[in-house]
Amino acid sequence: MYSPERLQYLEKDFHVRDDDVYIVSYPKSGTTWMMEILSLICKNGDPTWSKSIPIWLRSPWYESIEGQSQIKDVVSPRVLTSHLPFHIFAKSYFTSKAKIIYIIRNPKDIVVSLFYFNKMICIYKDPQSFPELLEDFLQGNLLYNSWFDHVKGWMQMKDSINFFYITYEELHTDIRNSVIRICKFLGKDLDDSQIDLVVKHSSFNAMKENKMSNYTMINQDFMDQNKGSFIRKGITGDWKNHFTIAQNDYFDEVYKEKMKDLNVNFFWEQ
Ligand code: A3P
């Protein structure tokens, strides 16, 4: 998707500012949800900005940046979004005070979400069947490569004070407390009624209705809205409606092997 020159520029020359915030995730992990939450937190819960400016301008895609000139005028603090893996992320991040919010989701639900998303995306003229996609996911044979490597790579940062990780499932289970934790990480002091506004305007239904966030404004040649919705189902555990018992056993086996060295129990496993 991105030229080697651009990726090299981003890795070696992109200037990370100390007050930047990056939302980082593997695709379909709840990235857009986090973008909306941060837009609202930045404005103390006031939804005017998130209802009037497209989400991709509120927290631009880091890997879409071609040169410093494109982004240098964005007023600090910038919120940028990225799906890039750890090993090719901006080197200057590691010597800065910039913050990263890493969002992680049950990978089985990612496969399901990706399956429906790929049907809408017009570059995939012939979307894969579910078993084909599942196999490619487990082999890491997809855009942004392996989910396992993505998570293991970024989780190397888990003890850094400028790195915060949270699961989609935690957002789902207790959005209010999640927003409070995110505010604390960002050093944003919102009162109870402002937190209520963040929760209200980042809900699944609010985002589904918000044309600035639901990707219905995107070019039809890129995302065919007749073939599905970007803000699709928004639930946890949809994999149970899609995986056979054999697929689930196979997934668990691969997961156990690939994640054996990562000593983190993610919330969805409880
Ligand atoms: P589903 O396809 O399972 O519904 P990303 O933004 O990383 O591409 O992730 C997209 C997934 O997040 C989709 O999952 C989408 O419906 C879900 N999502 C987006 N906004 C949400 C919200 N406010 N609440 C719950 N899920 C949301």
# chains A, B, ... in the order shown; residues from 1 in each chain; ligands from 1
call {"tool": "residues_around", "arguments": {"residues": "segment 238-247 of chain A", "least_positions_apart": "5", "cutoff": "10 Å", "atoms": "only C-alpha atoms", "output": "tab-separated table (two decimals) with C-alpha atoms, in the first residue's frame"}}
result
chain	number	residue	atom	x	y	z
A	106	ASN	CA	-9.63	-10.68	20.25
A	107	PRO	CA	-8.02	-11.86	16.99
A	108	LYS	CA	-10.90	-14.22	16.23
A	109	ASP	CA	-13.24	-11.23	16.08
A	110	ILE	CA	-10.69	-9.39	13.94
A	111	VAL	CA	-10.86	-12.17	11.34
A	112	VAL	CA	-14.66	-11.91	11.25
A	113	SER	CA	-14.61	-8.11	11.03
A	130	PHE	CA	-13.78	-17.28	5.33
A	131	PRO	CA	-11.49	-20.38	5.49
A	134	LEU	CA	-8.53	-17.43	8.31
A	135	GLU	CA	-5.54	-19.32	6.94
A	233	LYS	CA	-21.95	-4.94	14.34
A	252	ASP	CA	-6.12	-21.88	19.60
A	253	GLU	CA	-3.24	-24.18	18.74
call {"tool": "select_by_dssp", "arguments": {"residues": "segment 77-270 of chain A", "states": "strand (DSSP E)", "output": "PyMOL selection string"}}
result
chain A and resi 79-82+99-104+163-167
call {"tool": "write_last_selection", "arguments": {"atoms": "C-alpha atoms", "output": "PDB file, in the first residue's frame"}}
result
ATOM      1  CA  VAL A  79      -3.416  12.887  17.248  1.00  0.00           C
ATOM      2  CA  LEU A  80      -2.202  10.549  14.506  1.00  0.00           C
ATOM      3  CA  THR A  81      -3.277   7.015  13.689  1.00  0.00           C
ATOM      4  CA  SER A  82      -1.222   4.091  12.457  1.00  0.00           C
ATOM      5  CA  LYS A  99       2.379   8.924  23.730  1.00  0.00           C
ATOM      6  CA  ILE A 100       0.979   5.808  22.104  1.00  0.00           C
ATOM      7  CA  ILE A 101      -2.393   4.231  22.742  1.00  0.00           C
ATOM      8  CA  TYR A 102      -2.321   0.680  21.432  1.00  0.00           C
ATOM      9  CA  ILE A 103      -5.699  -0.957  20.945  1.00  0.00           C
ATOM     10  CA  ILE A 104      -5.931  -4.741  20.811  1.00  0.00           C
ATOM     11  CA  PHE A 163       2.666   3.586  26.157  1.00  0.00           C
ATOM     12  CA  PHE A 164      -0.870   2.573  27.121  1.00  0.00           C
ATOM     13  CA  TYR A 165      -2.665  -0.504  25.876  1.00  0.00           C
ATOM     14  CA  ILE A 166      -6.305  -1.394  26.155  1.00  0.00           C
ATOM     15  CA  THR A 167      -8.517  -4.013  24.556  1.00  0.00           C
TER      16      THR A 167
END
call {"tool": "residues_near_ligand", "arguments": {"ligand": "ligand 1", "cutoff": "6 Å", "atoms": "only C-alpha atoms and all ligand atoms", "output": "PyMOL selection string"}}
result
chain A and resi 27-33+113+202-204+207+231-235
call {"tool": "closest_atom_pairs", "arguments": {"of": "segment 162-225 of chain A", "to": "segment 115-125 of chain A", "cutoff": "10 Å", "atoms": "only C-alpha atoms", "output": "CSV"}}
result
residue,atom,partner,partner_atom,distance
A:Gln220,CA,A:Cys122,CA,8.4
A:Asp221,CA,A:Cys122,CA,6.3
A:Phe222,CA,A:Cys122,CA,5.2
A:Met223,CA,A:Ile121,CA,4.7
A:Asp224,CA,A:Met120,CA,5.0
A:Gln225,CA,A:Met120,CA,6.7
call {"tool": "closest_residue", "arguments": {"among": "A:Leu38, A:Ile55, A:Ile195, A:Met157", "to": "Asn177 of chain A", "atoms": "only C-alpha atoms"}}
result
A:Ile195
call {"tool": "select_by_dssp", "arguments": {"residues": "segment 70-262 of chain A", "states": "alpha helix (DSSP H)", "output": "PyMOL selection string"}}
result
chain A and resi 70-71+107-120+130-139+147-154+168-173+175-186+192-201+204-209+245-258
call {"tool": "residues_around", "arguments": {"residues": "Ser39 of chain A", "least_positions_apart": "5", "cutoff": "9 Å", "atoms": "only C-alpha atoms", "output": "PyMOL selection string"}}
result
chain A and resi 34+44-45+47+49-50+55+58-59+79+198
call {"tool": "residues_around", "arguments": {"residues": "Tyr9 of chain A", "least_positions_apart": "5", "cutoff": "12 Å", "atoms": "only C-alpha atoms", "output": "ChimeraX atom specification"}}
result
/A:2-4,14-15,62-68,88-92
call {"tool": "write_last_selection", "arguments": {"atoms": "C-alpha atoms", "output": "PDB file, in the first residue's frame"}}
result
ATOM      1  CA  TYR A   2       2.882   2.375   0.739  1.00  0.00           C
ATOM      2  CA  SER A   3       6.070   2.916  -1.205  1.00  0.00           C
ATOM      3  CA  PRO A   4       9.392   1.884   0.378  1.00  0.00           C
ATOM      4  CA  PHE A  14       9.664  11.886  10.423  1.00  0.00           C
ATOM      5  CA  HIS A  15       9.835  14.297  13.345  1.00  0.00           C
ATOM      6  CA  TYR A  62       0.522   8.578   9.963  1.00  0.00           C
ATOM      7  CA  GLU A  63       1.507   6.254   7.106  1.00  0.00           C
ATOM      8  CA  SER A  64      -0.350   8.417   4.579  1.00  0.00           C
ATOM      9  CA  ILE A  65       1.973  11.324   5.289  1.00  0.00           C
ATOM     10  CA  GLU A  66       4.292  11.890   2.358  1.00  0.00           C
ATOM     11  CA  GLY A  67       6.427  14.683   3.719  1.00  0.00           C
ATOM     12  CA  GLN A  68       6.761  16.869   6.762  1.00  0.00           C
ATOM     13  CA  ILE A  88       9.252   0.206  11.138  1.00  0.00           C
ATOM     14  CA  PHE A  89       7.678   2.933  13.286  1.00  0.00           C
ATOM     15  CA  ALA A  90       9.290   6.410  13.516  1.00  0.00           C
ATOM     16  CA  LYS A  91      12.652   6.082  15.219  1.00  0.00           C
ATOM     17  CA  SER A  92      12.263   9.581  16.691  1.00  0.00           C
TER      18      SER A  92
END
call {"tool": "atom_distance", "arguments": {"atom1": "atom CA of Glu169 of chain A", "atom2": "atom CA of Trp268 of chain A"}}
result
6.0 Å
call {"tool": "atom_distance", "arguments": {"atom1": "atom CA of Thr95 of chain A", "atom2": "atom CA of Tyr26 of chain A"}}
result
23.4 Å
